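S.K.: Coordinates in target09.cif, mmCIF, C-alpha atoms, are listed below.
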```cif
data_data
#
loop_
_atom_site.label_atom_id
_atom_site.label_comp_id
_atom_site.auth_asym_id
_atom_site.auth_seq_id
_atom_site.Cartn_x
_atom_site.Cartn_y
_atom_site.Cartn_z
CA MET A 1 0.00 0.00 0.00
CA THR A 2 1.11 3.55 -0.76
CA CYS A 3 -1.43 5.39 1.39
CA TYR A 4 0.12 7.46 4.15
CA ILE A 5 -1.29 9.40 7.09
CA ASN A 6 0.05 12.92 6.60
CA ALA A 7 -1.76 14.58 9.49
CA SER A 8 -4.28 13.81 12.22
CA GLY A 9 -6.58 15.86 14.41
CA ALA A 10 -9.02 14.80 17.11
CA LEU A 11 -10.93 15.62 20.25
CA CYS A 12 -12.52 13.15 22.65
CA ALA A 13 -12.79 12.45 26.37
CA LEU A 14 -8.98 12.20 26.55
CA GLY A 15 -8.47 15.76 25.36
CA ASN A 16 -9.10 18.34 22.67
CA ASP A 17 -5.90 18.03 20.67
CA ILE A 18 -3.36 15.37 19.72
CA ALA A 19 -0.84 16.37 22.40
CA SER A 20 -3.29 16.06 25.29
CA ILE A 21 -4.82 12.89 23.86
CA ARG A 22 -1.34 11.35 23.60
CA ALA A 23 -0.40 12.29 27.16
CA ASN A 24 -3.63 11.06 28.73
CA LEU A 25 -3.86 7.88 26.64
CA PHE A 26 -0.51 6.55 27.80
CA ALA A 27 -1.01 7.80 31.35
CA GLY A 28 -4.35 5.97 31.54
CA THR A 29 -6.24 9.07 32.66
CA SER A 30 -9.26 10.64 31.03
CA PRO A 31 -10.69 14.02 32.11
CA GLY A 32 -13.85 13.48 30.09
CA MET A 33 -14.94 10.15 31.62
CA PHE A 34 -17.35 10.80 34.47
CA ALA A 35 -20.86 10.01 35.70
CA THR A 36 -23.69 12.30 34.64
CA ASP A 37 -27.44 12.19 34.11
CA GLU A 38 -27.35 14.84 31.37
CA TYR A 39 -28.48 12.29 28.79
CA SER A 40 -30.41 9.96 31.11
CA ALA A 41 -32.55 11.99 33.51
CA GLY A 42 -32.58 10.50 37.00
CA ARG A 43 -29.98 7.85 36.19
CA GLU A 44 -26.29 8.68 36.36
CA LEU A 45 -24.13 6.94 33.76
CA VAL A 46 -20.42 7.16 33.01
CA LEU A 47 -19.99 8.81 29.61
CA GLY A 48 -16.97 9.88 27.58
CA GLN A 49 -17.48 13.58 26.89
CA VAL A 50 -15.61 16.32 25.07
CA VAL A 51 -15.09 18.89 27.84
CA ASP A 52 -13.77 22.45 27.93
CA ALA A 53 -13.52 22.57 24.14
CA ASP A 54 -13.65 25.97 22.45
CA LEU A 55 -15.76 24.81 19.52
CA PRO A 56 -15.72 27.02 16.42
CA SER A 57 -18.67 29.16 15.42
CA LEU A 58 -21.08 27.75 12.86
CA ALA A 59 -22.59 31.15 12.02
CA HIS A 60 -20.98 31.21 8.56
CA LEU A 61 -22.67 27.95 7.55
CA PRO A 62 -26.13 27.43 6.06
CA LEU A 63 -28.63 26.44 8.74
CA GLN A 64 -28.83 22.82 7.62
CA LEU A 65 -25.12 22.28 8.37
CA ARG A 66 -25.20 23.73 11.89
CA SER A 67 -24.97 20.95 14.46
CA ARG A 68 -22.79 20.10 17.44
CA ASN A 69 -21.51 17.11 15.54
CA ASN A 70 -20.28 19.39 12.76
CA ALA A 71 -18.78 21.81 15.28
CA LEU A 72 -16.69 18.94 16.66
CA LEU A 73 -15.56 18.18 13.11
CA LEU A 74 -14.55 21.77 12.46
CA ALA A 75 -12.47 21.73 15.65
CA ALA A 76 -10.67 18.61 14.41
CA LEU A 77 -10.28 20.14 10.94
CA ALA A 78 -8.54 23.21 12.38
CA GLN A 79 -5.82 20.91 13.75
CA ILE A 80 -4.97 19.48 10.32
CA ARG A 81 -5.72 22.50 8.15
CA PRO A 82 -2.10 23.74 7.78
CA GLN A 83 -0.84 20.32 6.65
CA PHE A 84 -3.83 19.88 4.35
CA ASP A 85 -3.38 23.28 2.74
CA ALA A 86 0.32 22.63 2.11
CA LEU A 87 -0.36 19.19 0.63
CA ALA A 88 -3.31 20.38 -1.48
CA ALA A 89 -1.43 23.26 -3.12
CA GLY A 90 -1.56 22.75 -6.88
CA ILE A 91 -3.90 19.72 -6.69
CA SER A 92 -7.24 19.87 -8.47
CA LYS A 93 -10.19 20.20 -6.10
CA GLN A 94 -11.80 17.32 -8.00
CA ARG A 95 -8.97 15.05 -6.85
CA ILE A 96 -9.67 15.61 -3.14
CA ALA A 97 -12.25 13.44 -1.40
CA VAL A 98 -14.01 13.47 1.98
CA ILE A 99 -15.15 10.18 3.54
CA LEU A 100 -16.43 10.13 7.10
CA GLY A 101 -18.16 7.75 9.48
CA THR A 102 -21.04 8.74 11.74
CA SER A 103 -24.04 7.17 13.40
CA THR A 104 -25.62 10.21 15.05
CA SER A 105 -24.85 13.20 12.84
CA GLY A 106 -27.03 16.04 14.18
CA ILE A 107 -29.58 13.96 16.11
CA SER A 108 -28.81 15.81 19.36
CA ASP A 109 -29.86 19.08 17.71
CA GLY A 110 -33.09 17.41 16.61
CA GLU A 111 -33.71 16.30 20.18
CA ALA A 112 -33.26 19.85 21.45
CA ALA A 113 -35.67 21.11 18.79
CA ILE A 114 -38.37 18.58 19.77
CA MET A 115 -37.95 19.52 23.44
CA ALA A 116 -38.45 23.16 22.48
CA TYR A 117 -41.53 22.20 20.46
CA ASP A 118 -43.03 20.41 23.46
CA LEU A 119 -42.52 23.54 25.58
CA HIS A 120 -43.47 26.26 23.12
CA GLY A 121 -45.53 24.58 20.40
CA ALA A 122 -43.09 25.47 17.63
CA LEU A 123 -39.70 24.37 16.39
CA PRO A 124 -36.89 26.86 17.07
CA THR A 125 -35.69 28.96 14.14
CA SER A 126 -32.19 27.57 14.74
CA PHE A 127 -33.33 24.09 13.67
CA HIS A 128 -33.39 22.57 10.19
CA ILE A 129 -34.33 18.94 9.70
CA SER A 130 -31.32 18.44 7.41
CA GLN A 131 -29.05 18.89 10.43
CA GLN A 132 -29.86 15.26 11.18
CA GLU A 133 -28.90 13.89 7.76
CA LEU A 134 -26.16 11.27 7.93
CA GLY A 135 -24.39 12.84 4.96
CA SER A 136 -24.19 16.26 6.62
CA PRO A 137 -20.64 15.87 8.03
CA ALA A 138 -19.13 15.11 4.61
CA THR A 139 -21.12 17.91 2.98
CA LEU A 140 -19.82 20.29 5.64
CA LEU A 141 -16.13 19.45 5.18
CA ALA A 142 -16.32 19.45 1.39
CA ALA A 143 -17.90 22.91 1.48
CA GLU A 144 -15.47 24.19 4.10
CA LEU A 145 -12.47 23.03 2.05
CA GLY A 146 -13.98 23.91 -1.31
CA VAL A 147 -13.29 20.44 -2.72
CA THR A 148 -15.41 18.68 -5.33
CA GLY A 149 -14.21 15.09 -5.25
CA PRO A 150 -16.28 12.25 -3.78
CA ALA A 151 -17.82 13.31 -0.45
CA TYR A 152 -19.96 10.91 1.53
CA CYS A 153 -20.57 9.34 4.93
CA ILE A 154 -20.57 5.71 5.96
CA SER A 155 -22.98 4.67 8.71
CA THR A 156 -22.33 1.08 9.79
CA ALA A 157 -22.44 1.68 13.55
CA CYS A 158 -19.15 0.92 15.34
CA THR A 159 -17.18 0.23 12.14
CA SER A 160 -18.07 3.49 10.36
CA GLY A 161 -14.92 5.50 11.08
CA ALA A 162 -12.59 2.61 10.29
CA LYS A 163 -14.46 1.84 7.09
CA ALA A 164 -14.08 5.49 6.07
CA MET A 165 -10.31 5.07 6.37
CA ALA A 166 -10.37 1.89 4.28
CA ALA A 167 -12.58 3.54 1.67
CA GLY A 168 -10.23 6.52 1.51
CA ALA A 169 -7.19 4.27 1.16
CA ARG A 170 -8.90 2.47 -1.73
CA LEU A 171 -9.43 5.76 -3.56
CA ILE A 172 -5.74 6.56 -3.13
CA GLU A 173 -4.64 3.04 -4.11
CA HIS A 174 -6.70 2.99 -7.30
CA GLY A 175 -5.76 6.49 -8.40
CA LEU A 176 -9.24 7.95 -7.95
CA ALA A 177 -8.09 10.66 -5.53
CA ASP A 178 -4.82 12.32 -4.56
CA ILE A 179 -5.90 13.38 -1.07
CA VAL A 180 -8.65 12.03 1.17
CA ILE A 181 -9.91 13.55 4.39
CA ALA A 182 -11.07 10.47 6.30
CA GLY A 183 -12.30 9.89 9.84
CA GLY A 184 -15.46 10.07 11.84
CA ALA A 185 -17.59 12.06 14.25
CA ASP A 186 -20.30 11.14 16.73
CA SER A 187 -21.80 13.27 19.49
CA LEU A 188 -23.69 12.14 22.56
CA SER A 189 -27.47 12.21 22.54
CA HIS A 190 -30.43 11.06 24.61
CA PHE A 191 -31.42 8.86 21.67
CA THR A 192 -28.18 6.87 21.73
CA VAL A 193 -28.09 6.47 25.50
CA ALA A 194 -31.74 5.37 25.60
CA GLY A 195 -31.25 2.94 22.73
CA PHE A 196 -28.33 1.10 24.30
CA SER A 197 -30.05 1.17 27.67
CA ALA A 198 -33.10 -0.49 26.11
CA ILE A 199 -31.03 -3.52 25.10
CA ASP A 200 -29.32 -3.69 28.51
CA SER A 201 -25.89 -2.90 27.07
CA VAL A 202 -24.94 0.07 29.28
CA ALA A 203 -22.63 -0.47 32.27
CA PRO A 204 -23.74 0.88 35.65
CA GLY A 205 -20.22 2.24 36.26
CA LEU A 206 -16.93 2.33 34.38
CA CYS A 207 -16.83 -0.45 31.79
CA GLN A 208 -14.63 -3.49 32.48
CA PRO A 209 -13.45 -5.04 29.18
CA SER A 210 -12.40 -8.71 29.41
CA SER A 211 -13.38 -8.88 33.08
CA ALA A 212 -15.58 -11.53 34.65
CA ASN A 213 -17.49 -8.51 36.03
CA ARG A 214 -18.16 -6.82 32.69
CA HIS A 215 -21.73 -5.60 32.32
CA GLY A 216 -21.75 -3.35 29.26
CA ILE A 217 -20.45 -0.23 27.60
CA ASN A 218 -19.91 3.42 28.41
CA LEU A 219 -20.96 5.63 25.51
CA GLY A 220 -18.77 8.46 24.29
CA GLU A 221 -18.27 11.13 21.66
CA ALA A 222 -15.37 12.13 19.44
CA ALA A 223 -14.29 13.68 16.17
CA VAL A 224 -11.24 12.35 14.33
CA LEU A 225 -9.76 13.37 10.99
CA PHE A 226 -6.82 12.08 8.95
CA VAL A 227 -5.19 13.47 5.83
CA LEU A 228 -4.44 10.50 3.57
CA SER A 229 -2.29 10.68 0.44
CA ARG A 230 0.59 9.04 -1.43
CA GLN A 231 3.02 11.55 0.07
CA PRO A 232 5.39 9.50 2.28
CA ALA A 233 4.96 10.00 6.03
CA ALA A 234 5.88 8.19 9.24
CA VAL A 235 2.85 5.87 9.20
CA ARG A 236 0.93 4.22 6.36
CA VAL A 237 -2.40 2.47 6.10
CA ALA A 238 -0.87 -0.92 5.42
CA GLY A 239 -3.98 -3.05 5.15
CA TRP A 240 -7.55 -3.70 6.14
CA GLY A 241 -10.07 -6.51 6.12
CA GLU A 242 -13.85 -6.21 6.02
CA SER A 243 -16.58 -8.80 6.47
CA SER A 244 -20.31 -9.08 7.09
CA ASP A 245 -21.41 -12.23 8.84
CA ALA A 246 -25.00 -10.99 9.42
CA HIS A 247 -25.37 -13.31 12.41
CA HIS A 248 -27.73 -11.09 14.42
CA ILE A 249 -28.96 -7.50 14.50
CA SER A 250 -26.90 -6.71 17.62
CA ALA A 251 -24.98 -9.80 18.76
CA PRO A 252 -21.73 -11.02 17.15
CA ALA A 253 -21.39 -14.51 15.74
CA PRO A 254 -20.21 -16.51 18.78
CA ASP A 255 -17.66 -18.45 16.71
CA GLY A 256 -16.10 -15.18 15.57
CA ARG A 257 -16.16 -16.12 11.89
CA GLY A 258 -16.71 -12.55 10.72
CA ALA A 259 -14.05 -11.12 13.02
CA LYS A 260 -11.59 -13.83 11.97
CA ALA A 261 -12.17 -13.03 8.32
CA ALA A 262 -11.56 -9.31 8.89
CA VAL A 263 -8.33 -9.81 10.86
CA THR A 264 -7.02 -12.43 8.43
CA GLN A 265 -7.71 -10.25 5.39
CA ALA A 266 -6.12 -7.21 7.04
CA LEU A 267 -2.90 -9.12 7.72
CA GLU A 268 -2.86 -10.55 4.21
CA ARG A 269 -3.42 -7.17 2.56
CA ALA A 270 -0.67 -5.67 4.71
CA GLY A 271 1.65 -8.56 3.78
CA LEU A 272 2.42 -9.16 7.45
CA ALA A 273 2.48 -12.23 9.64
CA ALA A 274 0.75 -12.04 13.00
CA GLY A 275 4.16 -11.94 14.70
CA ALA A 276 4.92 -8.62 13.03
CA ILE A 277 2.07 -6.91 14.90
CA GLY A 278 3.36 -5.21 18.02
CA TYR A 279 0.07 -3.91 19.43
CA ALA A 280 -3.62 -4.72 19.03
CA ASN A 281 -6.34 -2.24 19.92
CA LEU A 282 -9.33 -4.37 20.87
CA HIS A 283 -12.90 -3.47 20.03
CA GLY A 284 -13.28 -4.39 23.71
CA THR A 285 -16.77 -3.09 24.44
CA ALA A 286 -17.05 -4.88 27.82
CA THR A 287 -20.30 -6.52 26.77
CA PRO A 288 -20.47 -10.23 27.60
CA GLN A 289 -20.83 -11.43 24.01
CA ASN A 290 -18.37 -9.11 22.26
CA ASP A 291 -15.48 -9.83 24.62
CA ALA A 292 -16.15 -13.58 24.61
CA MET A 293 -15.99 -13.61 20.82
CA GLU A 294 -13.12 -11.16 20.34
CA ASN A 295 -10.80 -12.62 22.96
CA GLN A 296 -11.06 -16.02 21.30
CA VAL A 297 -10.30 -14.54 17.88
CA VAL A 298 -7.33 -12.49 19.10
CA ALA A 299 -5.89 -15.40 21.07
CA ALA A 300 -6.09 -17.60 17.97
CA LEU A 301 -4.94 -15.15 15.27
CA LEU A 302 -2.68 -12.76 17.20
CA PRO A 303 -1.09 -14.97 19.86
CA GLY A 304 1.19 -13.12 22.24
CA VAL A 305 0.44 -9.67 20.80
CA PRO A 306 0.10 -6.98 23.52
CA ALA A 307 -3.51 -5.81 23.48
CA SER A 308 -5.79 -3.35 25.20
CA SER A 309 -9.27 -1.92 25.02
CA THR A 310 -9.18 1.87 25.30
CA LYS A 311 -12.94 2.27 25.77
CA PRO A 312 -12.66 2.89 29.56
CA LEU A 313 -10.70 6.02 28.55
CA THR A 314 -13.02 7.33 25.82
CA GLY A 315 -16.33 5.53 26.03
CA HIS A 316 -17.67 3.75 22.97
CA CYS A 317 -17.75 6.53 20.38
CA LEU A 318 -19.86 4.55 17.89
CA GLY A 319 -19.43 5.97 14.37
CA SER A 320 -16.12 7.60 15.29
CA ALA A 321 -14.79 4.68 17.37
CA GLY A 322 -12.94 2.95 14.52
CA SER A 323 -11.12 6.10 13.45
CA LEU A 324 -10.38 7.10 17.07
CA GLU A 325 -8.82 3.73 17.86
CA ALA A 326 -6.86 3.79 14.60
CA LEU A 327 -5.55 7.14 15.86
CA PHE A 328 -4.37 5.39 19.02
CA CYS A 329 -2.43 2.93 16.85
CA TRP A 330 -0.92 5.92 15.03
CA LEU A 331 0.06 7.37 18.41
CA VAL A 332 1.72 4.06 19.38
CA LEU A 333 3.69 4.01 16.14
CA THR A 334 4.86 7.61 16.47
CA ASP A 335 5.53 7.71 20.21
CA THR A 336 9.18 8.53 20.89
CA GLU A 337 8.98 6.83 24.29
CA HIS A 338 7.53 3.61 22.78
CA ARG A 339 4.60 3.53 25.20
CA LEU A 340 1.51 1.33 24.86
CA PRO A 341 -2.05 2.26 25.93
CA PRO A 342 -2.92 0.50 29.20
CA HIS A 343 -5.87 -1.84 29.52
CA LEU A 344 -7.93 -0.46 32.40
CA TRP A 345 -10.03 -3.03 34.25
CA ASP A 346 -10.50 -4.60 37.66
CA GLY A 347 -8.10 -7.44 36.84
CA VAL A 348 -10.68 -10.18 37.42
CA GLN A 349 -10.04 -12.71 34.67
CA ASP A 350 -13.11 -14.40 33.22
CA PRO A 351 -12.32 -18.13 33.38
CA ALA A 352 -14.43 -18.63 30.24
CA LEU A 353 -12.11 -16.39 28.18
CA PRO A 354 -8.60 -17.10 26.93
CA VAL A 355 -5.98 -15.07 28.75
CA LEU A 356 -4.65 -12.25 26.55
CA PRO A 357 -1.40 -10.32 27.16
CA LEU A 358 -3.33 -7.20 28.23
CA VAL A 359 -1.15 -4.11 28.41
CA GLU A 360 -0.29 -3.00 31.92
CA HIS A 361 0.27 0.63 32.84
CA GLY A 362 3.79 1.76 32.05
CA THR A 363 4.46 -0.86 29.36
CA HIS A 364 6.98 0.13 26.68
CA ALA A 365 7.62 -1.68 23.40
CA LYS A 366 8.98 -0.60 20.04
CA VAL A 367 6.19 -1.24 17.55
CA SER A 368 6.40 -1.14 13.75
CA ALA A 369 2.87 -2.39 13.01
CA ALA A 370 -0.42 -2.22 14.92
CA ILE A 371 -3.94 -3.46 14.31
CA SER A 372 -7.27 -1.98 15.36
CA ASN A 373 -10.43 -4.11 15.52
CA SER A 374 -13.97 -2.81 15.11
CA PHE A 375 -17.01 -5.10 15.23
CA ALA A 376 -20.45 -3.58 14.72
CA PHE A 377 -24.14 -4.42 14.91
CA GLY A 378 -25.40 -6.64 12.13
CA GLY A 379 -22.14 -8.59 11.99
CA ASN A 380 -20.29 -5.77 10.23
CA ASN A 381 -16.55 -6.13 10.92
CA ILE A 382 -13.29 -4.41 10.04
CA ALA A 383 -9.66 -4.62 11.10
CA VAL A 384 -7.16 -1.93 10.07
CA VAL A 385 -3.39 -2.37 10.09
CA LEU A 386 -1.11 0.68 10.37
CA ALA A 387 2.64 0.35 9.91
CA THR A 388 5.79 2.44 9.74
#
```
Go through the file and emit its structure as structure tokens.

M.R.:
Amino acid sequence: MTCYINASGALCALGNDIASIRANLFAGTSPGMFATDEYSAGRELVLGQVVDADLPSLAHLPLQLRSRNNALLLAALAQIRPQFDALAAGISKQRIAVILGTSTSGISDGEAAIMAYDLHGALPTSFHISQQELGSPATLLAAELGVTGPAYCISTACTSGAKAMAAGARLIEHGLADIVIAGGADSLSHFTVAGFSAIDSVAPGLCQPSSANRHGINLGEAAVLFVLSRQPAAVRVAGWGESSDAHHISAPAPDGRGAKAAVTQALERAGLAAGAIGYANLHGTATPQNDAMENQVVAALLPGVPASSTKPLTGHCLGSAGSLEALFCWLVLTDTEHRLPPHLWDGVQDPALPVLPLVEHGTHAKVSAAISNSFAFGGNNIAVVLAT
């Protein structure tokens, strides 16, 4: 593969820029993970929130593009704009694409509008129904950058952001684009919290991936953007594997056949043996079925590879989760101190699960290739390999 990551920008519960995200990720601390009932009245839940962020104004945008989700994206865009502008100089706007993952888009703004309607009998003038469109984030960034190449969003739940990266890499690989802005954005909403609560998938406290005491997820929000191109950089998108096992609307196939296919294809496309992988970022949702399936797959296909779930540090950021956790692999590969993200849990091994070499706090290892797993509702799976 000749697709490189030339720049990255993000904000999430770990911090509002790459430097703070890097510091807090490896320290195992997260200022944005705390209990609140803001999205679940009368019931406090631990959520991963973007806090103390100075989000950019949306006043210059048409009403239909004004949403908190898009404000998060503009904040991430500002972090990569200098590198993008330098790389895009002299390149046709038609040769620049935007591919993003999202599952919420502007649904939180729609919720606020309906609440206002219930109180006042009319929708607020600040609301436009198109704020909720799943394609809105890509439309926003294409307009903001003035580019006219392919611009679209992928919405496949937890795999969306990772699939956006794979889709962008394919455009680069096949000569259909010279630059791709890829990533994902999801913002917290009552709708999301209520939905996962309805299927008993939300943890009562901090989630415990791989633990015998795991009881579900913490939800989170994030925006992540990468600049992808053929211009050589420190890290490349080396490979990916995608599968759809369609086992169940929300539960993974217990035998892990879809996950196995994704990991196997990612390694094959990258041209790497499992032993070349120095770190694995687990999907690690802390739900009983996901961890049971994933731990078996990782133990079988990536034996001995240091692994961790970072969801206790960010929450499960849904449509942006795959891109956020790919960012963590990028941070591992570019960290001058060779640190690995710790696996935060209570340390109670589930006897029904294979024992994985879960990363302990303070672990250092020089890594030249890392893999990130994302497994979504409907049996939609992807694994992405990044390498130096």

S.K.: Using all atoms listed in the file, find all polymer residues with an atom at most 8 Å away from the point (-8.6, -7.6, 8.5); report them as a list in words.

M.R.: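 Protein, DNA and RNA residues close to (-8.6, -7.6, 8.5): Gly239, Trp240, Gly241, Glu242, Ala259, Lys260, Ala261, Ala262, Val263, Thr264, Gln265, Ala266, Leu267, Glu268, Arg269, Ile382, Ala383, Val384 and Val385 of chain A.
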
S.K.: Please identify all polymer residues within 7 Å of range 91-102 of chain A, counting only C-alpha atoms, omitting same-chain residues fewer than 4 positions from it, and present them as a list in words.

M.R.: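 In the requested format, the answer is Leu134, Ala138, Ala142, Val147, Thr148, Gly149, Pro150, Ala151, Tyr152, Cys153, Ile154, Ser155, Ser160, Gly161, Ala164, Gly168, Ala177, Asp178, Ile179, Val180, Ile181, Ala182, Gly183, Gly184, Ala185, Asp186, Gly319 and Ser320 of chain A.
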
S.K.: For the residues in the current selection, export C-alpha atoms as an mmCIF file, in the frame of the given file.

M.R.:
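Dumped to again_9.cif:
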```cif
data_model
loop_
_atom_site.group_PDB
_atom_site.id
_atom_site.type_symbol
_atom_site.label_atom_id
_atom_site.label_comp_id
_atom_site.auth_asym_id
_atom_site.auth_seq_id
_atom_site.Cartn_x
_atom_site.Cartn_y
_atom_site.Cartn_z
ATOM 1 C CA LEU A 134 -26.160 11.270 7.930
ATOM 2 C CA ALA A 138 -19.130 15.110 4.610
ATOM 3 C CA ALA A 142 -16.320 19.450 1.390
ATOM 4 C CA VAL A 147 -13.290 20.440 -2.720
ATOM 5 C CA THR A 148 -15.410 18.680 -5.330
ATOM 6 C CA GLY A 149 -14.210 15.090 -5.250
ATOM 7 C CA PRO A 150 -16.280 12.250 -3.780
ATOM 8 C CA ALA A 151 -17.820 13.310 -0.450
ATOM 9 C CA TYR A 152 -19.960 10.910 1.530
ATOM 10 C CA CYS A 153 -20.570 9.340 4.930
ATOM 11 C CA ILE A 154 -20.570 5.710 5.960
ATOM 12 C CA SER A 155 -22.980 4.670 8.710
ATOM 13 C CA SER A 160 -18.070 3.490 10.360
ATOM 14 C CA GLY A 161 -14.920 5.500 11.080
ATOM 15 C CA ALA A 164 -14.080 5.490 6.070
ATOM 16 C CA GLY A 168 -10.230 6.520 1.510
ATOM 17 C CA ALA A 177 -8.090 10.660 -5.530
ATOM 18 C CA ASP A 178 -4.820 12.320 -4.560
ATOM 19 C CA ILE A 179 -5.900 13.380 -1.070
ATOM 20 C CA VAL A 180 -8.650 12.030 1.170
ATOM 21 C CA ILE A 181 -9.910 13.550 4.390
ATOM 22 C CA ALA A 182 -11.070 10.470 6.300
ATOM 23 C CA GLY A 183 -12.300 9.890 9.840
ATOM 24 C CA GLY A 184 -15.460 10.070 11.840
ATOM 25 C CA ALA A 185 -17.590 12.060 14.250
ATOM 26 C CA ASP A 186 -20.300 11.140 16.730
ATOM 27 C CA GLY A 319 -19.430 5.970 14.370
ATOM 28 C CA SER A 320 -16.120 7.600 15.290
#
```

S.K.: For the file shown, report as a list in words the outcome of the PyMOL selection byres ((chain A and resi 288-304) around 6) at residue level.

M.R.: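 In the shown coordinates, the PyMOL selection byres ((chain A and resi 288-304) around 6) covers Ser210, Pro254, Gly256, Ala274, Gly284, Thr287 and Val305 of chain A.
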
S.K.: What do you get, as an MDAnalysis selection string, if you spell out every residue that the PyMOL selection byres ((chain A and resi 309) around 12) selects here?

M.R.: chainID A and resid 25 28 207:211 217 279:286 290:291 294:295 306:308 310:316 321 325 328:329 340:345 356:360 372:374

S.K.: Report, in Å with one decimal, the straight-line distance from CA of Gln132 in chain A to CA of Ile107 in chain A.

M.R.: 5.1 Å

S.K.: Excluding same-chain residues fewer than 2 positions from range 118-128 of chain A, what lies within 9 Å of it counting all atoms listed in the file, as an MDAnalysis selection string?

M.R.: chainID A and resid 63:67 109:110 112:116 130:132
